>>> print(open('my_file_8.cif').read())   # mmCIF, C-alpha atoms
data_data
#
loop_
_atom_site.label_atom_id
_atom_site.label_comp_id
_atom_site.auth_asym_id
_atom_site.auth_seq_id
_atom_site.Cartn_x
_atom_site.Cartn_y
_atom_site.Cartn_z
CA MET A 10 53.24 135.68 115.18
CA THR A 11 49.64 134.66 115.78
CA ALA A 12 47.48 137.13 117.67
CA PRO A 13 44.73 135.73 119.92
CA ARG A 14 41.32 135.66 118.25
CA PRO A 15 37.99 134.65 119.76
CA ASP A 16 37.10 132.56 116.72
CA ASP A 17 38.00 132.04 113.09
CA ALA A 18 35.81 134.88 111.82
CA PRO A 19 37.36 137.10 109.11
CA HIS A 20 38.83 140.41 110.13
CA PRO A 21 36.35 143.30 110.45
CA TYR A 22 37.11 144.88 107.09
CA ALA A 23 36.99 141.76 104.91
CA THR A 24 33.62 142.79 103.51
CA LEU A 25 34.47 146.46 102.95
CA THR A 26 34.97 146.36 99.17
CA PRO A 27 35.12 149.42 96.90
CA ASP A 28 31.51 148.72 95.91
CA GLN A 29 30.51 148.78 99.58
CA VAL A 30 32.25 152.13 100.04
CA LEU A 31 30.43 153.64 97.06
CA ASP A 32 27.11 152.12 98.16
CA ALA A 33 27.56 153.63 101.61
CA LEU A 34 28.12 157.08 100.14
CA ALA A 35 25.13 156.68 97.84
CA SER A 36 22.99 155.89 100.90
CA VAL A 37 23.59 159.45 102.14
CA GLY A 38 23.09 161.08 98.75
CA LEU A 39 26.72 161.23 97.58
CA HIS A 40 27.44 159.52 94.29
CA GLY A 41 31.02 158.62 93.47
CA ASP A 42 32.37 158.55 89.93
CA GLY A 43 34.13 155.23 90.60
CA ARG A 44 37.48 156.62 91.74
CA LEU A 45 38.60 156.12 95.31
CA MET A 46 41.96 155.94 97.03
CA ALA A 47 42.77 154.39 100.39
CA LEU A 48 44.42 156.87 102.74
CA SER A 49 46.97 156.06 105.41
CA SER A 50 44.99 154.72 108.34
CA TYR A 51 45.33 151.46 110.24
CA GLU A 52 42.79 151.67 113.03
CA ASN A 53 39.94 152.60 110.69
CA ARG A 54 39.55 152.50 106.93
CA VAL A 55 39.64 155.90 105.29
CA TYR A 56 39.13 156.64 101.59
CA GLN A 57 39.39 159.69 99.40
CA VAL A 58 36.44 159.50 97.02
CA TRP A 59 35.78 161.51 93.87
CA LEU A 60 32.13 162.45 93.40
CA GLU A 61 30.34 162.76 90.09
CA GLY A 62 30.60 166.55 90.17
CA GLY A 63 34.37 166.44 90.62
CA GLU A 64 34.35 167.24 94.34
CA ARG A 65 36.40 165.07 96.69
CA VAL A 66 35.33 163.83 100.11
CA VAL A 67 36.89 161.58 102.73
CA ALA A 68 34.87 158.59 103.93
CA LYS A 69 35.86 157.07 107.29
CA PHE A 70 34.64 153.60 108.28
CA TYR A 71 35.08 153.06 112.00
CA ARG A 72 36.56 149.79 113.21
CA PRO A 73 33.65 147.72 114.52
CA GLY A 74 33.67 147.30 118.29
CA ARG A 75 36.26 149.94 119.07
CA TRP A 76 34.08 152.95 119.94
CA SER A 77 30.41 153.03 120.81
CA GLU A 78 28.08 155.24 118.80
CA ALA A 79 27.90 157.66 121.76
CA GLN A 80 31.70 157.89 121.90
CA ILE A 81 31.97 158.58 118.16
CA LEU A 82 29.29 161.26 118.38
CA GLU A 83 31.26 162.94 121.18
CA GLU A 84 34.23 163.11 118.83
CA HIS A 85 32.00 164.69 116.18
CA ALA A 86 30.58 167.20 118.68
CA PHE A 87 34.11 168.20 119.73
CA ALA A 88 35.07 168.75 116.09
CA ALA A 89 31.93 170.86 115.61
CA ASP A 90 32.84 172.96 118.68
CA LEU A 91 36.31 173.56 117.26
CA MET A 92 35.02 174.57 113.85
CA ALA A 93 32.42 176.87 115.44
CA ALA A 94 35.33 178.62 117.17
CA GLU A 95 37.00 179.07 113.74
CA ILE A 96 39.77 176.61 114.58
CA PRO A 97 41.01 174.78 111.45
CA ALA A 98 39.91 171.28 112.42
CA VAL A 99 38.37 168.96 109.85
CA GLY A 100 35.13 167.44 111.11
CA PRO A 101 32.40 165.34 109.51
CA LEU A 102 29.68 166.73 107.28
CA THR A 103 26.08 166.70 108.39
CA LEU A 104 24.21 164.63 105.81
CA GLN A 105 20.52 163.82 106.10
CA GLY A 106 20.53 165.43 109.53
CA ARG A 107 23.36 163.41 111.07
CA THR A 108 27.15 163.00 111.03
CA LEU A 109 27.34 159.25 111.73
CA HIS A 110 25.71 156.77 109.39
CA PRO A 111 25.15 153.00 109.41
CA HIS A 112 25.85 150.83 106.40
CA ALA A 113 26.02 147.04 106.41
CA ASP A 114 28.09 146.20 109.52
CA PHE A 115 29.81 149.58 109.72
CA LEU A 116 29.39 153.08 111.03
CA PHE A 117 30.88 155.73 108.78
CA SER A 118 31.24 159.49 108.43
CA VAL A 119 32.06 161.77 105.51
CA SER A 120 34.34 164.79 105.77
CA PRO A 121 35.43 167.41 103.27
CA TRP A 122 38.76 166.68 101.62
CA ARG A 123 41.65 168.95 102.67
CA GLY A 124 45.08 168.84 101.11
CA GLY A 125 48.38 169.59 102.79
CA ARG A 126 51.66 168.13 103.96
CA GLN A 127 53.31 167.55 107.29
CA PRO A 128 54.52 170.77 108.94
CA GLU A 129 58.21 171.67 109.01
CA LEU A 130 58.83 171.24 112.72
CA ASP A 131 62.40 172.52 112.51
CA ASP A 132 60.91 175.93 111.69
CA PHE A 133 60.22 177.72 114.97
CA GLU A 134 57.66 180.04 113.37
CA VAL A 135 55.68 176.98 112.30
CA LEU A 136 55.86 175.57 115.84
CA GLU A 137 54.73 178.88 117.31
CA TRP A 138 51.81 178.94 114.89
CA ILE A 139 50.80 175.39 115.84
CA GLY A 140 51.14 176.33 119.52
CA ARG A 141 48.63 179.14 119.09
CA PHE A 142 46.06 176.79 117.59
CA LEU A 143 46.67 174.12 120.24
CA ALA A 144 45.91 176.72 122.91
CA ARG A 145 42.67 177.57 121.15
CA ILE A 146 41.79 173.87 120.86
CA HIS A 147 42.37 173.46 124.59
CA THR A 148 40.29 176.53 125.42
CA VAL A 149 37.38 174.89 123.62
CA GLY A 150 38.26 171.53 125.16
CA ALA A 151 38.15 172.96 128.67
CA ALA A 152 34.62 174.32 128.21
CA GLN A 153 33.01 170.96 128.98
CA PRO A 154 34.14 167.35 129.56
CA PHE A 155 33.64 164.19 127.60
CA THR A 156 31.14 161.94 129.33
CA HIS A 157 31.44 158.80 127.17
CA ARG A 158 35.02 158.76 125.92
CA PRO A 159 37.61 157.30 128.33
CA PRO A 160 40.39 159.38 129.91
CA LEU A 161 44.09 159.00 129.28
CA ASP A 162 45.12 157.00 132.34
CA LEU A 163 47.80 154.68 133.63
CA ARG A 164 45.62 151.59 133.59
CA SER A 165 44.42 151.72 129.97
CA PHE A 166 47.75 152.85 128.52
CA GLY A 167 50.12 150.99 130.83
CA SER A 168 49.08 148.26 133.21
CA GLU A 169 46.31 146.76 131.06
CA PRO A 170 48.48 146.45 127.88
CA HIS A 171 51.29 145.00 130.03
CA ASP A 172 48.98 142.39 131.55
CA TRP A 173 47.34 141.55 128.21
CA LEU A 174 50.62 140.95 126.38
CA LEU A 175 51.89 138.63 129.10
CA ALA A 176 48.59 136.79 129.48
CA HIS A 177 48.53 135.96 125.78
CA ASP A 178 52.19 134.84 125.61
CA LEU A 179 52.99 137.21 122.74
CA ILE A 180 56.54 138.01 123.85
CA PRO A 181 59.19 135.40 122.95
CA LEU A 182 60.50 133.49 125.96
CA ASP A 183 64.09 134.58 125.35
CA VAL A 184 63.17 138.22 126.00
CA GLN A 185 59.93 137.97 127.98
CA SER A 186 61.52 138.28 131.42
CA ALA A 187 63.65 141.27 130.43
CA TRP A 188 60.65 143.04 128.92
CA ARG A 189 58.43 142.32 131.91
CA ASN A 190 61.03 143.60 134.37
CA ALA A 191 61.73 146.77 132.39
CA CYS A 192 58.04 147.44 131.86
CA GLU A 193 57.15 146.93 135.50
CA GLN A 194 60.00 149.18 136.62
CA ALA A 195 58.79 151.90 134.24
CA LEU A 196 55.17 151.58 135.39
CA SER A 197 56.27 151.69 139.03
CA LEU A 198 58.13 154.94 138.39
CA ILE A 199 55.08 156.46 136.74
CA GLY A 200 52.71 155.25 139.47
CA GLY A 201 54.93 156.77 142.15
CA HIS A 202 55.30 160.11 140.38
CA THR A 203 55.22 162.85 143.01
CA HIS A 204 53.32 165.29 140.78
CA LEU A 205 50.42 162.97 139.96
CA ALA A 206 47.00 163.08 141.56
CA HIS A 207 46.30 160.38 144.12
CA GLY A 208 45.08 157.05 142.82
CA PRO A 209 46.76 154.15 141.01
CA ASP A 210 45.35 154.96 137.59
CA ARG A 211 45.57 158.74 137.50
CA LEU A 212 47.71 160.45 134.92
CA HIS A 213 47.20 164.11 135.65
CA LEU A 214 48.55 166.66 138.06
CA LYS A 215 47.21 167.31 141.50
CA ASP A 216 44.62 170.11 141.42
CA ALA A 217 44.85 170.30 137.60
CA THR A 218 41.91 170.41 135.23
CA LEU A 219 41.61 167.72 132.57
CA LEU A 220 40.74 168.85 129.05
CA ARG A 221 39.16 167.39 125.96
CA LEU A 222 42.27 166.76 123.86
CA HIS A 223 43.10 165.93 120.27
CA GLY A 224 44.83 162.98 121.92
CA ASP A 225 47.06 161.87 119.02
CA CYS A 226 48.62 165.13 117.90
CA HIS A 227 51.64 163.83 116.00
CA PRO A 228 52.92 165.58 112.84
CA GLY A 229 50.95 163.25 110.54
CA ASN A 230 47.69 164.57 111.99
CA ILE A 231 48.53 168.19 111.19
CA LEU A 232 48.25 169.15 107.53
CA TRP A 233 50.08 172.28 106.47
CA THR A 234 49.33 174.46 103.48
CA PRO A 235 51.54 177.38 102.41
CA LEU A 236 50.16 180.89 102.65
CA ASP A 237 48.45 182.18 99.54
CA ASP A 238 48.22 185.80 98.36
CA SER A 239 45.26 186.37 100.67
CA GLY A 240 47.16 185.15 103.72
CA ARG A 241 45.22 181.89 103.92
CA GLY A 242 47.05 178.72 104.84
CA GLY A 243 48.86 177.23 107.78
CA PRO A 244 47.92 174.17 109.85
CA HIS A 245 44.69 172.27 110.03
CA PHE A 246 44.09 169.40 112.40
CA VAL A 247 42.67 166.05 111.33
CA ASP A 248 41.74 162.70 112.91
CA LEU A 249 40.19 163.26 116.32
CA ASP A 250 39.64 159.50 116.62
CA ASP A 251 41.76 159.31 119.80
CA ALA A 252 40.23 162.39 121.46
CA ARG A 253 39.90 161.90 125.21
CA MET A 254 40.27 163.70 128.53
CA GLY A 255 43.83 164.32 129.68
CA PRO A 256 46.55 166.87 130.46
CA ALA A 257 47.28 169.61 127.95
CA VAL A 258 50.89 168.48 127.48
CA GLN A 259 49.65 165.30 125.73
CA ASP A 260 48.97 167.41 122.62
CA LEU A 261 52.43 168.99 122.69
CA TRP A 262 55.01 166.33 123.42
CA MET A 263 54.61 164.30 120.21
CA LEU A 264 55.72 167.37 118.25
CA LEU A 265 59.14 167.29 119.95
CA SER A 266 62.07 165.33 118.51
CA GLY A 267 65.85 165.18 118.53
CA ASP A 268 68.23 165.55 121.45
CA ARG A 269 67.43 167.41 124.67
CA ARG A 270 68.65 170.76 123.35
CA GLN A 271 66.54 170.47 120.20
CA ARG A 272 63.46 169.40 122.13
CA THR A 273 63.90 172.29 124.53
CA GLN A 274 64.06 174.78 121.66
CA GLN A 275 61.02 173.23 119.97
CA LEU A 276 59.08 173.29 123.23
CA ALA A 277 59.95 176.94 123.77
CA ALA A 278 58.59 177.82 120.32
CA LEU A 279 55.37 175.86 120.90
CA LEU A 280 54.80 177.52 124.26
CA ASP A 281 55.60 180.98 122.88
CA GLY A 282 52.60 180.51 120.62
CA TYR A 283 50.47 178.63 123.14
CA GLU A 284 50.75 181.25 125.86
CA GLN A 285 49.59 184.02 123.55
CA PHE A 286 46.11 182.51 124.01
CA ARG A 287 46.17 180.33 127.11
CA SER A 288 48.32 179.83 130.18
CA PHE A 289 50.25 176.57 130.46
CA ASP A 290 51.00 174.82 133.74
CA ARG A 291 54.76 174.21 133.62
CA ARG A 292 54.39 171.32 136.07
CA GLU A 293 52.93 169.30 133.20
CA LEU A 294 56.37 169.17 131.58
CA ALA A 295 57.22 166.49 134.14
CA LEU A 296 54.63 164.26 132.43
CA ILE A 297 56.33 164.21 129.02
CA GLU A 298 58.55 161.18 129.62
CA PRO A 299 55.86 159.19 131.47
CA LEU A 300 53.48 159.84 128.57
CA ARG A 301 56.13 158.79 126.06
CA THR A 302 56.73 155.58 128.04
CA LEU A 303 53.04 154.71 128.15
CA ARG A 304 52.70 155.25 124.41
CA LEU A 305 55.59 152.82 123.88
CA ILE A 306 53.86 150.09 125.93
CA HIS A 307 50.41 150.74 124.50
CA TYR A 308 51.70 150.72 120.92
CA SER A 309 53.09 147.19 121.22
CA ALA A 310 49.80 145.88 122.58
CA TRP A 311 47.87 147.74 119.87
CA LEU A 312 49.91 146.07 117.12
CA ALA A 313 49.42 142.65 118.71
CA ARG A 314 45.67 143.14 119.08
CA ARG A 315 45.31 144.10 115.43
CA TRP A 316 47.54 141.36 113.98
CA SER A 317 44.64 139.38 112.50
CA ASP A 318 43.88 142.38 110.27
CA PRO A 319 45.94 141.66 107.10
CA ILE A 320 47.00 145.29 106.75
CA PHE A 321 49.12 145.00 109.90
CA PRO A 322 51.50 142.16 108.92
CA ILE A 323 51.95 143.89 105.56
CA ASN A 324 52.92 147.24 107.08
CA PHE A 325 54.67 146.05 110.25
CA PRO A 326 56.58 142.90 109.17
CA TRP A 327 59.22 143.45 111.85
CA PHE A 328 56.74 143.27 114.71
CA GLY A 329 56.75 140.33 117.12
CA THR A 330 60.29 139.07 116.54
CA SER A 331 62.81 138.68 119.34
CA ASP A 332 64.77 141.58 117.84
CA TYR A 333 61.68 143.79 118.04
CA TRP A 334 61.16 143.00 121.72
CA ARG A 335 64.86 143.47 122.53
CA GLY A 336 64.55 146.90 120.97
CA GLN A 337 61.54 147.59 123.18
CA VAL A 338 63.53 146.56 126.25
CA ASP A 339 66.31 148.97 125.27
CA MET A 340 63.81 151.81 124.75
CA LEU A 341 62.14 151.10 128.08
CA HIS A 342 65.52 151.32 129.84
CA GLU A 343 66.13 154.63 128.07
CA GLN A 344 62.75 155.86 129.26
CA ILE A 345 63.48 154.74 132.83
CA GLU A 346 66.60 156.90 132.75
CA ALA A 347 64.74 159.80 131.13
CA MET A 348 61.98 159.72 133.75
CA GLN A 349 64.60 160.11 136.47
CA GLU A 350 66.17 163.17 134.84
CA ALA A 351 64.99 166.73 135.37
CA PRO A 352 62.06 167.50 133.03
CA LEU A 353 62.42 169.82 130.07
CA ALA A 354 62.20 173.48 130.95
CA ALA A 355 61.05 176.33 128.73
#
>>> encode(input="my_file_8.cif", output="structure tokens")
Amino acid sequence: MTAPRPDDAPHPYATLTPDQVLDALASVGLHGDGRLMALSSYENRVYQVWLEGGERVVAKFYRPGRWSEAQILEEHAFAADLMAAEIPAVGPLTLQGRTLHPHADFLFSVSPWRGGRQPELDDFEVLEWIGRFLARIHTVGAAQPFTHRPPLDLRSFGSEPHDWLLAHDLIPLDVQSAWRNACEQALSLIGGHTHLAHGPDRLHLKDATLLRLHGDCHPGNILWTPLDDSGRGGPHFVDLDDARMGPAVQDLWMLLSGDRRQRTQQLAALLDGYEQFRSFDRRELALIEPLRTLRLIHYSAWLARRWSDPIFPINFPWFGTSDYWRGQVDMLHEQIEAMQEAPLAA
């Protein structure tokens, strides 16, 4: 597959060598001992770096052209608000009076290193614990809106990716019509959702308040550490790169998996914790399947847009084939059925 590119320029990270990473850190007074390790991140480039004193930090180099400086700084301010409220979120360090730094053609930030593993989401006590912290995150998020970062809406996560994929002929002809029909049927169902606020692009409930959200709260963005003898441990939240305005349920549904019974039990545990700190509008449960459908559509367009970055063909070799798109058609049909069922209840 060949993704559309405006010219034959190299991908944005071609010049980001290990020496460049170390030079960037040195520019803010942090001197590495030569050891660095790339961490799992596709949208940006993220490195664990050992400093000369033995301390470890995490350096994040933002993908050029994705977010403006103002949008990145809003993410940093949100992280600072969370940490000020003693919520275990990992935000950037303030170095030389700022959290965002230029180097060569990049903007980068440096955060403290935090260890941990993915949480055990089949443990209801863990889910309840995460639910409590999500409620606290949303309480902070509701205190003021983002002004620069875009909202989670139907256009940017649904209709625009749909139009872009078709306009660039990235879906094989033998499956293009089936995908287009399934996608348009799914988007029509979402657009006609009786619970949504008026307007073709809205993705929130009537008379509901939008919040600053984590935005991409899947298990990989929650690091869990076991309790020590002093009672310290539990979850901490990383990677606010996709933070935006949206409904609270966006930060809950990606933690649900399995069949309907399992998801219902998981949801109940999350909300048991959540509602110890903040009320939850049960009407938002009707948005779970529409949100899942939009993520499915958006994800395909995201992979296609990033295909000129060599890390993507290496890690997603199955993308772009007819079999991939047939699988997407099947999942869209499953989502069409799911959106017509009664929402989860807890």
>>> closest_residue(input="my_file_8.cif", among="A:Gly41, A:Pro352, A:Gly106, A:Pro97", to="A:Arg145", atoms="all atoms listed in the file")
A:Pro97
>>> resolve_selection(input="my_file_8.cif", expression="the PyMOL selection byres ((chain A and resi 182-194) around 12)", output="PDB file with C-alpha atoms, keeping the file's coordinate frame")
ATOM      1  CA  GLY A 167      50.120 150.990 130.830  1.00  0.00           C
ATOM      2  CA  SER A 168      49.080 148.260 133.210  1.00  0.00           C
ATOM      3  CA  GLU A 169      46.310 146.760 131.060  1.00  0.00           C
ATOM      4  CA  PRO A 170      48.480 146.450 127.880  1.00  0.00           C
ATOM      5  CA  HIS A 171      51.290 145.000 130.030  1.00  0.00           C
ATOM      6  CA  ASP A 172      48.980 142.390 131.550  1.00  0.00           C
ATOM      7  CA  TRP A 173      47.340 141.550 128.210  1.00  0.00           C
ATOM      8  CA  LEU A 174      50.620 140.950 126.380  1.00  0.00           C
ATOM      9  CA  LEU A 175      51.890 138.630 129.100  1.00  0.00           C
ATOM     10  CA  ALA A 176      48.590 136.790 129.480  1.00  0.00           C
ATOM     11  CA  HIS A 177      48.530 135.960 125.780  1.00  0.00           C
ATOM     12  CA  ASP A 178      52.190 134.840 125.610  1.00  0.00           C
ATOM     13  CA  LEU A 179      52.990 137.210 122.740  1.00  0.00           C
ATOM     14  CA  ILE A 180      56.540 138.010 123.850  1.00  0.00           C
ATOM     15  CA  PRO A 181      59.190 135.400 122.950  1.00  0.00           C
ATOM     16  CA  ALA A 195      58.790 151.900 134.240  1.00  0.00           C
ATOM     17  CA  LEU A 196      55.170 151.580 135.390  1.00  0.00           C
ATOM     18  CA  SER A 197      56.270 151.690 139.030  1.00  0.00           C
ATOM     19  CA  LEU A 198      58.130 154.940 138.390  1.00  0.00           C
ATOM     20  CA  ILE A 199      55.080 156.460 136.740  1.00  0.00           C
ATOM     21  CA  GLY A 200      52.710 155.250 139.470  1.00  0.00           C
ATOM     22  CA  GLY A 201      54.930 156.770 142.150  1.00  0.00           C
ATOM     23  CA  PRO A 299      55.860 159.190 131.470  1.00  0.00           C
ATOM     24  CA  THR A 302      56.730 155.580 128.040  1.00  0.00           C
ATOM     25  CA  LEU A 303      53.040 154.710 128.150  1.00  0.00           C
ATOM     26  CA  LEU A 305      55.590 152.820 123.880  1.00  0.00           C
ATOM     27  CA  ILE A 306      53.860 150.090 125.930  1.00  0.00           C
ATOM     28  CA  HIS A 307      50.410 150.740 124.500  1.00  0.00           C
ATOM     29  CA  SER A 309      53.090 147.190 121.220  1.00  0.00           C
ATOM     30  CA  GLY A 329      56.750 140.330 117.120  1.00  0.00           C
ATOM     31  CA  THR A 330      60.290 139.070 116.540  1.00  0.00           C
ATOM     32  CA  SER A 331      62.810 138.680 119.340  1.00  0.00           C
ATOM     33  CA  ASP A 332      64.770 141.580 117.840  1.00  0.00           C
ATOM     34  CA  TYR A 333      61.680 143.790 118.040  1.00  0.00           C
ATOM     35  CA  TRP A 334      61.160 143.000 121.720  1.00  0.00           C
ATOM     36  CA  ARG A 335      64.860 143.470 122.530  1.00  0.00           C
ATOM     37  CA  GLY A 336      64.550 146.900 120.970  1.00  0.00           C
ATOM     38  CA  GLN A 337      61.540 147.590 123.180  1.00  0.00           C
ATOM     39  CA  VAL A 338      63.530 146.560 126.250  1.00  0.00           C
ATOM     40  CA  ASP A 339      66.310 148.970 125.270  1.00  0.00           C
ATOM     41  CA  MET A 340      63.810 151.810 124.750  1.00  0.00           C
ATOM     42  CA  LEU A 341      62.140 151.100 128.080  1.00  0.00           C
ATOM     43  CA  HIS A 342      65.520 151.320 129.840  1.00  0.00           C
ATOM     44  CA  GLU A 343      66.130 154.630 128.070  1.00  0.00           C
ATOM     45  CA  GLN A 344      62.750 155.860 129.260  1.00  0.00           C
ATOM     46  CA  ILE A 345      63.480 154.740 132.830  1.00  0.00           C
ATOM     47  CA  GLU A 346      66.600 156.900 132.750  1.00  0.00           C
ATOM     48  CA  MET A 348      61.980 159.720 133.750  1.00  0.00           C
ATOM     49  CA  GLN A 349      64.600 160.110 136.470  1.00  0.00           C
TER      50      GLN A 349
END
>>> residues_around(input="my_file_8.cif", residues="A:Asp131", least_positions_apart="6", cutoff="10 Å", atoms="all atoms listed in the file", output="ChimeraX atom specification")
/A:265-266,271,274-275
>>> resolve_selection(input="my_file_8.cif", expression="the PyMOL selection byres ((chain A and resi 66) around 6)", output="list in words")
Gln57, Val58, Arg65, Val67, Ser120, Pro121 and Trp122 of chain A
>>> resolve_selection(input="my_file_8.cif", expression="the PyMOL selection byres ((chain A and resi 46) around 7)", output="list in words")
Arg44, Leu45, Ala47, Leu48, Tyr56, Gln57 and Val58 of chain A
>>> closest_atom_pairs(input="my_file_8.cif", of="stretch 245-289 of chain A", to="stretch 99-103 of chain A", cutoff="12 Å", atoms="all atoms listed in the file", output="tab-separated table")
residue	atom	partner	partner_atom	distance
A:His245	CA	A:Val99	CA	7.1
A:Phe246	CA	A:Val99	CA	6.3
A:Val247	CA	A:Val99	CA	5.4
A:Asp248	CA	A:Val99	CA	7.7
A:Leu249	CA	A:Gly100	CA	8.4
A:Asp250	CA	A:Gly100	CA	10.7
>>> build_atoms(input="my_file_8.cif", residues="stretch 178-185 of chain A", atoms="all heavy atoms", output="PDB file, in the coordinates of the input")
ATOM      1  N   ASP A 178      50.911 135.439 126.005  1.00  0.00           N
ATOM      2  CA  ASP A 178      52.190 134.840 125.610  1.00  0.00           C
ATOM      3  C   ASP A 178      52.664 135.344 124.236  1.00  0.00           C
ATOM      4  O   ASP A 178      53.083 134.554 123.377  1.00  0.00           O
ATOM      5  CB  ASP A 178      52.091 133.308 125.583  1.00  0.00           C
ATOM      6  CG  ASP A 178      51.928 132.721 126.977  1.00  0.00           C
ATOM      7  OD1 ASP A 178      52.514 133.285 127.920  1.00  0.00           O
ATOM      8  OD2 ASP A 178      51.204 131.723 127.127  1.00  0.00           O
ATOM      9  N   LEU A 179      52.610 136.643 124.029  1.00  0.00           N
ATOM     10  CA  LEU A 179      52.990 137.210 122.740  1.00  0.00           C
ATOM     11  C   LEU A 179      54.431 137.685 122.692  1.00  0.00           C
ATOM     12  O   LEU A 179      54.903 138.122 121.643  1.00  0.00           O
ATOM     13  CB  LEU A 179      52.036 138.369 122.396  1.00  0.00           C
ATOM     14  CG  LEU A 179      50.582 137.943 122.184  1.00  0.00           C
ATOM     15  CD1 LEU A 179      49.700 139.148 121.943  1.00  0.00           C
ATOM     16  CD2 LEU A 179      50.471 136.979 121.015  1.00  0.00           C
ATOM     17  N   ILE A 180      55.137 137.594 123.808  1.00  0.00           N
ATOM     18  CA  ILE A 180      56.540 138.010 123.850  1.00  0.00           C
ATOM     19  C   ILE A 180      57.400 136.755 123.896  1.00  0.00           C
ATOM     20  O   ILE A 180      57.187 135.877 124.739  1.00  0.00           O
ATOM     21  CB  ILE A 180      56.806 138.894 125.090  1.00  0.00           C
ATOM     22  CG1 ILE A 180      55.839 140.086 125.093  1.00  0.00           C
ATOM     23  CG2 ILE A 180      58.249 139.373 125.103  1.00  0.00           C
ATOM     24  CD1 ILE A 180      55.873 140.892 126.368  1.00  0.00           C
ATOM     25  N   PRO A 181      58.355 136.604 122.974  1.00  0.00           N
ATOM     26  CA  PRO A 181      59.190 135.400 122.950  1.00  0.00           C
ATOM     27  C   PRO A 181      59.846 135.136 124.302  1.00  0.00           C
ATOM     28  O   PRO A 181      60.228 136.069 125.026  1.00  0.00           O
ATOM     29  CB  PRO A 181      60.234 135.722 121.864  1.00  0.00           C
ATOM     30  CG  PRO A 181      59.561 136.728 120.985  1.00  0.00           C
ATOM     31  CD  PRO A 181      58.703 137.546 121.888  1.00  0.00           C
ATOM     32  N   LEU A 182      59.975 133.861 124.644  1.00  0.00           N
ATOM     33  CA  LEU A 182      60.500 133.490 125.960  1.00  0.00           C
ATOM     34  C   LEU A 182      61.893 134.029 126.206  1.00  0.00           C
ATOM     35  O   LEU A 182      62.254 134.343 127.345  1.00  0.00           O
ATOM     36  CB  LEU A 182      60.474 131.968 126.109  1.00  0.00           C
ATOM     37  CG  LEU A 182      59.081 131.333 126.248  1.00  0.00           C
ATOM     38  CD1 LEU A 182      59.201 129.819 126.287  1.00  0.00           C
ATOM     39  CD2 LEU A 182      58.378 131.851 127.501  1.00  0.00           C
ATOM     40  N   ASP A 183      62.710 134.150 125.139  1.00  0.00           N
ATOM     41  CA  ASP A 183      64.090 134.580 125.350  1.00  0.00           C
ATOM     42  C   ASP A 183      64.200 136.040 125.754  1.00  0.00           C
ATOM     43  O   ASP A 183      65.255 136.470 126.212  1.00  0.00           O
ATOM     44  CB  ASP A 183      64.937 134.305 124.098  1.00  0.00           C
ATOM     45  CG  ASP A 183      64.427 135.036 122.876  1.00  0.00           C
ATOM     46  OD1 ASP A 183      63.212 135.311 122.806  1.00  0.00           O
ATOM     47  OD2 ASP A 183      65.243 135.337 121.989  1.00  0.00           O
ATOM     48  N   VAL A 184      63.126 136.805 125.636  1.00  0.00           N
ATOM     49  CA  VAL A 184      63.170 138.220 126.000  1.00  0.00           C
ATOM     50  C   VAL A 184      62.024 138.601 126.920  1.00  0.00           C
ATOM     51  O   VAL A 184      61.964 139.721 127.415  1.00  0.00           O
ATOM     52  CB  VAL A 184      63.168 139.102 124.712  1.00  0.00           C
ATOM     53  CG1 VAL A 184      61.811 139.077 124.032  1.00  0.00           C
ATOM     54  CG2 VAL A 184      63.612 140.518 124.988  1.00  0.00           C
ATOM     55  N   GLN A 185      61.131 137.656 127.198  1.00  0.00           N
ATOM     56  CA  GLN A 185      59.930 137.970 127.980  1.00  0.00           C
ATOM     57  C   GLN A 185      60.271 138.500 129.372  1.00  0.00           C
ATOM     58  O   GLN A 185      59.691 139.488 129.843  1.00  0.00           O
ATOM     59  CB  GLN A 185      59.054 136.720 128.095  1.00  0.00           C
ATOM     60  CG  GLN A 185      57.721 136.972 128.764  1.00  0.00           C
ATOM     61  CD  GLN A 185      56.883 135.712 128.834  1.00  0.00           C
ATOM     62  OE1 GLN A 185      56.717 135.147 129.918  1.00  0.00           O
ATOM     63  NE2 GLN A 185      56.368 135.265 127.696  1.00  0.00           N
TER      64      GLN A 185
END
